[in-house]
Amino acid sequence: MKILQKIILIFILFINSFGSAQSIRYEKNIVKKLTSKSFYGRGYINNGMNKSADFVAKKFKQNNLKSFQGNYFQVFDFPINVIENAELTLNDKKLIYGTDFIVNPNSKSINYPTIDSDKNDLILTFDSTKLISSLSQEQAPKAEFFIHNKFSSNNLKINQAKIESSLKSKFEAKNIIGYIEGENSDSLIVVTAHYDHLGMVGEHLFPGANDNASGLAMLLGLAKYYNKNKPKNTLVFIAFAAEEAGLLGSDYFVHNPLFDLKKIKFLINLDILGTGDEGIQVVNSTIFKKEYSLLNSINQNKKYLPQIKTRGEACNSDHCPFYSLGIKSFYIYTLGGKSYYHDTKDDYKSLTFKKFKDIKQLLIDFIKVI
C-alpha cells in the first residue's frame with residue numbers, strides 16, 4: 001500500500017511539475033513568433049508594425065476580448081524618418097550595421113563618394129559607448145554615422161558611406177484595445193504594453209525580444225487567463241504602437257480615449273519583462289505607496305521574486321501619458337539577465353524567462369486585491 005501511495009505521489013508531483021513547465025509556453029511562443037524575421041522587427045519596413053498589429057488582434061479575438069467600437073483597432077498617423085539601408089566601409093573594411101556602427105535616425109540619404117554627394121553633408125562620430133539605435137520623426141539636412149571607436153584612425157579612408165532613408169509624413173499605425181468584463185464594471189484595471197520595435201535596416205533585424213515582445217506576451221497571457229477566470233473589475237488590455245517613436249500611441253489614446261479615463265482604478269504598464277533573475281523594478285512605486293506596499297506584501301508572503309525595487313516617477317514608457325493626467329499607474333520591468341537593448345542581440349535566445357511565471361502570478365494576485 002505504501003508503495004502505491006509513493007507511486008501516486010510521484011505521479012502527482014510529475015503532473016504538477018509538467019503543468020508548471022507548460023504554464024508560460026503560450027507566452028514564450030508569442031515572443032518567439034514576434035521576434036522572427038517574418039515580422040521585420042515590428043517596425044517600418046515591409047509593413048512590419050501593421051502585420052504585428054493583426055497578429056495581436058487575432059490573439060485578442062481568440063481570448064474573447066470585447067471591443068469598444070466594433071473592432072480592436074484605433075488608427076492614427078505620425079511622421080517618421082525610415083532608415084531603409086545603411087552601409088559603411090572604412091580603410092577597406094566593411095562594417096556591420098548594429099554591431100560596428102549605426103546611424104543617427106534623423107539622417108538624410110547619402111551615397112559618398114559619388115558625383116551627386118557632398119562630403120559636407122556627412123558626419124562621422126566615433127564613440128566607445130554602446131551603440132543604441134532609436135527613431136526620429138524628423139529628417140536632418142545631414143547624414144551622421146555613429147561608429148565604434150576601435151575603427152578610428154589617424155589616416156581614415158572613407159571607401160563608402162551610404163544611407164537610404166525616407167521621411168514618411170503620415171505613417172499609419174494602430175493601437176489595439178479590448179476588454180474582459182468583470183463582476184464590477186464601475187471601475188477599470190488597465191493593462192498596457194507596446195508591441196512595436198525598431199524594425200530593420202537593410203538585412204539587419206532588431207528583434208526586440210525583451211523590448212517589448214516580452215511585455216506584450218505577458219499582456220496576452222493575462223488576457224488568456226482572465227478569459228477563463230472572470231476578474232473582479234473589468235480589465236482593459238491595450239497594446240500600443242509607436243512607443244519607440246516617442247510614446248505616440250499612448251499619447252494619442254489619452255487624447256482620444258475609447259472610454260472614460262476617470263473610471264481607471266489603476267494601470268499596469270509592462271515593458272521589458274524577459275528576465276527577472278534579480279526581481280523587478282516598479283516606476284511610480286514611491287508615488288503610489290499604498291499600492292506598492294500591497295504588491296510588495298504579496299511578494300513577501302508568496303516569495304515569488306528576490307526583490308521588488310522601488311523607483312520614482314519617470315516618463316520612459318506608455319504609463320507616462322496616463323500618469324500625467326493623474327491616473328494611478330505602475331511601470332514594471334525586470335532586473336538581471338543580459339542587458340541587450342535597442343540592438344540586434346535582443347533576440348529570443350537572449351531571454352532567461354527565469355521569473356516570468358512568478359511575475360505573472362504576482363500580477364494576478366495584485367489585480368485580485370487592488
# chains A, B, ... in the order shown; residues from 1 in each chain; ligands from 1
$ residues_around --residues "Asn106 in chain A" --least-positions-apart "4" --cutoff "8 Å" --atoms "only C-alpha atoms" --output "ChimeraX atom specification"
/A:81,135-140,143
$ write_last_selection --atoms "C-alpha atoms" --output "short mmCIF file (atom, residue, chain, number, x, y, z; two decimals), in the first residue's frame"
data_model
loop_
_atom_site.label_atom_id
_atom_site.label_comp_id
_atom_site.auth_asym_id
_atom_site.auth_seq_id
_atom_site.Cartn_x
_atom_site.Cartn_y
_atom_site.Cartn_z
CA ASN A 81 12.13 59.04 -40.83
CA LEU A 135 13.91 56.54 -34.18
CA SER A 136 13.22 60.08 -35.34
CA GLN A 137 10.13 61.93 -36.56
CA GLU A 138 12.27 64.41 -38.47
CA GLN A 139 14.88 64.34 -41.21
CA ALA A 140 18.02 66.44 -40.79
CA ALA A 143 23.77 62.17 -42.57
#
$ select_by_dssp --residues "range 52-81 of chain A" --states "alpha helix (DSSP H)" --output "list in words"
Ser52, Ala53, Asp54, Phe55, Val56, Ala57, Lys58, Lys59, Phe60, Lys61 and Gln62 of chain A
$ closest_residue --among "A:Lys66, A:Lys368, A:Lys360, A:Arg25" --to "Gly178 in chain A" --atoms "only C-alpha atoms"
A:Lys66
$ closest_atom_pairs --of "range 113-168 of chain A" --to "range 41-64 of chain A" --cutoff "12 Å" --atoms "only C-alpha atoms" --output "JSON lines"
{"residue": "A:Ser134", "atom": "CA", "partner": "A:Gly43", "partner_atom": "CA", "distance": 11.4}
{"residue": "A:Leu135", "atom": "CA", "partner": "A:Gly43", "partner_atom": "CA", "distance": 10.1}
{"residue": "A:Ser136", "atom": "CA", "partner": "A:Tyr44", "partner_atom": "CA", "distance": 11.9}
{"residue": "A:Ser165", "atom": "CA", "partner": "A:Ile45", "partner_atom": "CA", "distance": 11.2}
{"residue": "A:Ser166", "atom": "CA", "partner": "A:Tyr44", "partner_atom": "CA", "distance": 10.7}
{"residue": "A:Leu167", "atom": "CA", "partner": "A:Tyr44", "partner_atom": "CA", "distance": 11.1}
{"residue": "A:Lys168", "atom": "CA", "partner": "A:Tyr44", "partner_atom": "CA", "distance": 9.7}
$ write_last_selection --atoms "N, CA and C atoms" --output "PDB file, in the first residue's frame"
ATOM      1  N   SER A 134      17.708  54.131 -32.327  1.00  0.00           N
ATOM      2  CA  SER A 134      16.468  54.820 -31.961  1.00  0.00           C
ATOM      3  C   SER A 134      15.753  55.264 -33.232  1.00  0.00           C
ATOM      4  N   LEU A 135      14.728  56.082 -33.062  1.00  0.00           N
ATOM      5  CA  LEU A 135      13.911  56.540 -34.181  1.00  0.00           C
ATOM      6  C   LEU A 135      13.792  58.065 -34.149  1.00  0.00           C
ATOM      7  N   SER A 136      13.402  58.639 -35.265  1.00  0.00           N
ATOM      8  CA  SER A 136      13.218  60.084 -35.345  1.00  0.00           C
ATOM      9  C   SER A 136      11.996  60.405 -36.186  1.00  0.00           C
ATOM     10  N   SER A 165      17.249  56.651 -46.837  1.00  0.00           N
ATOM     11  CA  SER A 165      16.211  56.999 -45.864  1.00  0.00           C
ATOM     12  C   SER A 165      15.079  57.732 -46.560  1.00  0.00           C
ATOM     13  N   SER A 166      13.911  57.684 -45.933  1.00  0.00           N
ATOM     14  CA  SER A 166      12.750  58.387 -46.476  1.00  0.00           C
ATOM     15  C   SER A 166      11.868  58.871 -45.335  1.00  0.00           C
ATOM     16  N   LEU A 167      11.470  60.126 -45.409  1.00  0.00           N
ATOM     17  CA  LEU A 167      10.592  60.701 -44.399  1.00  0.00           C
ATOM     18  C   LEU A 167       9.140  60.418 -44.773  1.00  0.00           C
ATOM     19  N   LYS A 168       8.469  59.620 -43.964  1.00  0.00           N
ATOM     20  CA  LYS A 168       7.052  59.334 -44.156  1.00  0.00           C
ATOM     21  C   LYS A 168       6.252  60.354 -43.349  1.00  0.00           C
TER      22      LYS A 168
END
$ residues_around --residues "range 280-296 of chain A" --least-positions-apart "6" --cutoff "12 Å" --atoms "only C-alpha atoms" --output "PyMOL selection string"
chain A and resi 265-274+302-320+323-324+326-337+354-356+358-370
$ write_last_selection --atoms "C-alpha atoms" --output "tab-separated table (two decimals), in the first residue's frame"
chain	number	residue	atom	x	y	z
A	265	LYS	CA	-8.76	52.48	-10.87
A	266	PHE	CA	-5.19	51.51	-11.70
A	267	LEU	CA	-2.97	51.00	-14.74
A	268	ILE	CA	-0.16	48.44	-15.05
A	269	ASN	CA	2.30	49.00	-17.89
A	270	LEU	CA	4.51	46.05	-18.88
A	271	ASP	CA	7.75	46.77	-20.74
A	272	ILE	CA	10.95	44.64	-20.69
A	273	LEU	CA	9.88	41.50	-18.80
A	274	GLY	CA	12.10	38.79	-20.29
A	302	LYS	CA	4.41	34.18	-1.65
A	303	LYS	CA	8.17	34.60	-2.22
A	304	TYR	CA	7.76	35.00	-5.98
A	305	LEU	CA	10.72	37.32	-6.63
A	306	PRO	CA	14.02	38.10	-4.91
A	307	GLN	CA	13.08	41.79	-4.73
A	308	ILE	CA	10.69	44.48	-5.88
A	309	LYS	CA	12.87	47.53	-6.23
A	310	THR	CA	11.32	50.98	-5.91
A	311	ARG	CA	11.69	53.88	-8.31
A	312	GLY	CA	10.12	57.29	-8.56
A	313	GLU	CA	8.33	58.86	-11.50
A	314	ALA	CA	9.89	58.51	-14.94
A	315	CYS	CA	8.37	59.33	-18.31
A	316	ASN	CA	10.04	56.39	-20.05
A	317	SER	CA	7.18	54.16	-21.20
A	318	ASP	CA	3.47	54.12	-22.03
A	319	HIS	CA	2.27	54.69	-18.46
A	320	CYS	CA	3.50	58.28	-18.71
A	323	TYR	CA	0.18	59.35	-15.14
A	324	SER	CA	0.46	62.90	-16.50
A	326	GLY	CA	-3.28	61.96	-12.62
A	327	ILE	CA	-4.12	58.31	-13.26
A	328	LYS	CA	-2.57	55.87	-10.80
A	329	SER	CA	-0.11	53.71	-12.65
A	330	PHE	CA	2.94	51.45	-12.34
A	331	TYR	CA	5.52	50.66	-14.98
A	332	ILE	CA	7.06	47.26	-14.23
A	333	TYR	CA	10.26	45.90	-15.78
A	334	THR	CA	12.63	43.06	-14.91
A	335	LEU	CA	16.13	43.19	-13.45
A	336	GLY	CA	19.08	40.90	-14.12
A	337	GLY	CA	20.00	38.71	-17.06
A	354	LYS	CA	13.55	32.97	-15.22
A	355	LYS	CA	10.82	34.72	-13.23
A	356	PHE	CA	8.22	35.20	-15.96
A	358	ASP	CA	6.21	34.19	-10.97
A	359	ILE	CA	5.68	37.74	-12.24
A	360	LYS	CA	2.52	36.60	-13.98
A	361	GLN	CA	1.16	35.08	-10.77
A	362	LEU	CA	2.17	38.16	-8.79
A	363	LEU	CA	0.20	40.34	-11.20
A	364	ILE	CA	-2.83	38.04	-10.95
A	365	ASP	CA	-2.70	38.22	-7.16
A	366	PHE	CA	-2.26	42.01	-7.26
A	367	ILE	CA	-5.13	42.57	-9.67
A	368	LYS	CA	-7.37	40.45	-7.44
A	369	VAL	CA	-6.95	42.70	-4.39
A	370	ILE	CA	-6.20	46.15	-5.74
$ atom_distance --atom1 "CA of Gly276 in chain A" --atom2 "CA of Ser339 in chain A"
11.5 Å
$ select_by_dssp --residues "range 38-186 of chain A" --states "strand (DSSP E)" --output "ChimeraX atom specification"
/A:73-90,93-94,101-103,110-112,122-127,143-148,158-180,184-186
$ decode --residues "range 96-129 of chain A" --atoms "N, CA and C atoms" --output "mmCIF file, in the first residue's frame"
data_model
loop_
_atom_site.group_PDB
_atom_site.id
_atom_site.type_symbol
_atom_site.label_atom_id
_atom_site.label_comp_id
_atom_site.auth_asym_id
_atom_site.auth_seq_id
_atom_site.Cartn_x
_atom_site.Cartn_y
_atom_site.Cartn_z
ATOM 1 N N ILE A 96 29.697 46.296 -39.944
ATOM 2 C CA ILE A 96 28.399 45.634 -39.777
ATOM 3 C C ILE A 96 27.444 46.561 -39.038
ATOM 4 N N TYR A 97 26.270 46.761 -39.633
ATOM 5 C CA TYR A 97 25.280 47.646 -39.010
ATOM 6 C C TYR A 97 24.762 47.036 -37.707
ATOM 7 N N GLY A 98 24.617 47.866 -36.693
ATOM 8 C CA GLY A 98 24.114 47.417 -35.410
ATOM 9 C C GLY A 98 25.182 46.859 -34.497
ATOM 10 N N THR A 99 26.318 46.488 -35.057
ATOM 11 C CA THR A 99 27.441 45.966 -34.275
ATOM 12 C C THR A 99 28.619 46.924 -34.308
ATOM 13 N N ASP A 100 29.024 47.313 -35.511
ATOM 14 C CA ASP A 100 30.166 48.217 -35.677
ATOM 15 C C ASP A 100 29.743 49.675 -35.781
ATOM 16 N N PHE A 101 28.546 49.888 -36.298
ATOM 17 C CA PHE A 101 28.074 51.263 -36.470
ATOM 18 C C PHE A 101 26.550 51.293 -36.546
ATOM 19 N N ILE A 102 25.998 52.454 -36.283
ATOM 20 C CA ILE A 102 24.597 52.748 -36.551
ATOM 21 C C ILE A 102 24.559 54.162 -37.131
ATOM 22 N N VAL A 103 23.377 54.630 -37.498
ATOM 23 C CA VAL A 103 23.276 55.999 -37.995
ATOM 24 C C VAL A 103 22.302 56.783 -37.135
ATOM 25 N N ASN A 104 22.491 58.078 -37.144
ATOM 26 C CA ASN A 104 21.526 58.950 -36.482
ATOM 27 C C ASN A 104 20.179 58.745 -37.155
ATOM 28 N N PRO A 105 19.109 58.475 -36.389
ATOM 29 C CA PRO A 105 17.814 58.169 -37.019
ATOM 30 C C PRO A 105 17.214 59.314 -37.818
ATOM 31 N N ASN A 106 17.743 60.515 -37.659
ATOM 32 C CA ASN A 106 17.225 61.637 -38.458
ATOM 33 C C ASN A 106 18.019 61.862 -39.740
ATOM 34 N N SER A 107 18.923 60.948 -40.066
ATOM 35 C CA SER A 107 19.810 61.130 -41.220
ATOM 36 C C SER A 107 19.065 61.165 -42.545
ATOM 37 N N LYS A 108 19.566 61.995 -43.444
ATOM 38 C CA LYS A 108 19.040 62.012 -44.804
ATOM 39 C C LYS A 108 19.787 60.970 -45.632
ATOM 40 N N SER A 109 19.328 60.728 -46.834
ATOM 41 C CA SER A 109 20.018 59.808 -47.740
ATOM 42 C C SER A 109 21.334 60.408 -48.201
ATOM 43 N N ILE A 110 22.319 59.521 -48.359
ATOM 44 C CA ILE A 110 23.618 59.941 -48.871
ATOM 45 C C ILE A 110 24.301 58.737 -49.499
ATOM 46 N N ASN A 111 25.142 59.007 -50.494
ATOM 47 C CA ASN A 111 25.938 57.932 -51.095
ATOM 48 C C ASN A 111 27.311 58.517 -51.447
ATOM 49 N N TYR A 112 28.203 58.447 -50.481
ATOM 50 C CA TYR A 112 29.538 59.041 -50.642
ATOM 51 C C TYR A 112 30.566 57.929 -50.874
ATOM 52 N N PRO A 113 31.522 58.051 -51.811
ATOM 53 C CA PRO A 113 31.676 59.200 -52.717
ATOM 54 C C PRO A 113 30.994 58.947 -54.067
ATOM 55 N N THR A 114 30.134 59.811 -54.450
ATOM 56 C CA THR A 114 29.556 59.805 -55.803
ATOM 57 C C THR A 114 29.479 61.256 -56.274
ATOM 58 N N ILE A 115 29.174 61.429 -57.520
ATOM 59 C CA ILE A 115 29.147 62.776 -58.113
ATOM 60 C C ILE A 115 28.114 63.661 -57.419
ATOM 61 N N ASP A 116 26.959 63.064 -57.065
ATOM 62 C CA ASP A 116 25.875 63.871 -56.501
ATOM 63 C C ASP A 116 25.920 63.943 -54.970
ATOM 64 N N SER A 117 27.004 63.472 -54.325
ATOM 65 C CA SER A 117 27.095 63.539 -52.867
ATOM 66 C C SER A 117 28.067 64.632 -52.442
ATOM 67 N N ASP A 118 27.797 65.204 -51.280
ATOM 68 C CA ASP A 118 28.616 66.294 -50.758
ATOM 69 C C ASP A 118 29.204 65.858 -49.423
ATOM 70 N N LYS A 119 30.512 65.857 -49.303
ATOM 71 C CA LYS A 119 31.163 65.411 -48.072
ATOM 72 C C LYS A 119 30.760 66.271 -46.880
ATOM 73 N N ASN A 120 30.393 67.508 -47.135
ATOM 74 C CA ASN A 120 29.960 68.388 -46.046
ATOM 75 C C ASN A 120 28.648 67.933 -45.404
ATOM 76 N N ASP A 121 27.914 67.070 -46.111
ATOM 77 C CA ASP A 121 26.661 66.527 -45.577
ATOM 78 C C ASP A 121 26.884 65.264 -44.758
ATOM 79 N N LEU A 122 28.141 64.863 -44.638
ATOM 80 C CA LEU A 122 28.484 63.606 -43.970
ATOM 81 C C LEU A 122 29.191 63.873 -42.647
ATOM 82 N N ILE A 123 28.692 63.232 -41.571
ATOM 83 C CA ILE A 123 29.301 63.343 -40.252
ATOM 84 C C ILE A 123 29.660 61.948 -39.751
ATOM 85 N N LEU A 124 30.914 61.758 -39.354
ATOM 86 C CA LEU A 124 31.337 60.507 -38.728
ATOM 87 C C LEU A 124 31.673 60.791 -37.269
ATOM 88 N N THR A 125 30.976 60.102 -36.370
ATOM 89 C CA THR A 125 31.196 60.280 -34.935
ATOM 90 C C THR A 125 31.649 58.964 -34.328
ATOM 91 N N PHE A 126 32.842 58.961 -33.755
ATOM 92 C CA PHE A 126 33.380 57.751 -33.122
ATOM 93 C C PHE A 126 33.097 57.797 -31.628
ATOM 94 N N ASP A 127 32.713 56.627 -31.076
ATOM 95 C CA ASP A 127 32.301 56.590 -29.669
ATOM 96 C C ASP A 127 32.667 55.238 -29.071
ATOM 97 N N SER A 128 33.030 55.242 -27.794
ATOM 98 C CA SER A 128 33.369 53.990 -27.109
ATOM 99 C C SER A 128 32.183 53.383 -26.391
ATOM 100 N N THR A 129 31.078 54.140 -26.288
ATOM 101 C CA THR A 129 29.899 53.639 -25.576
ATOM 102 C C THR A 129 29.089 52.703 -26.466
#
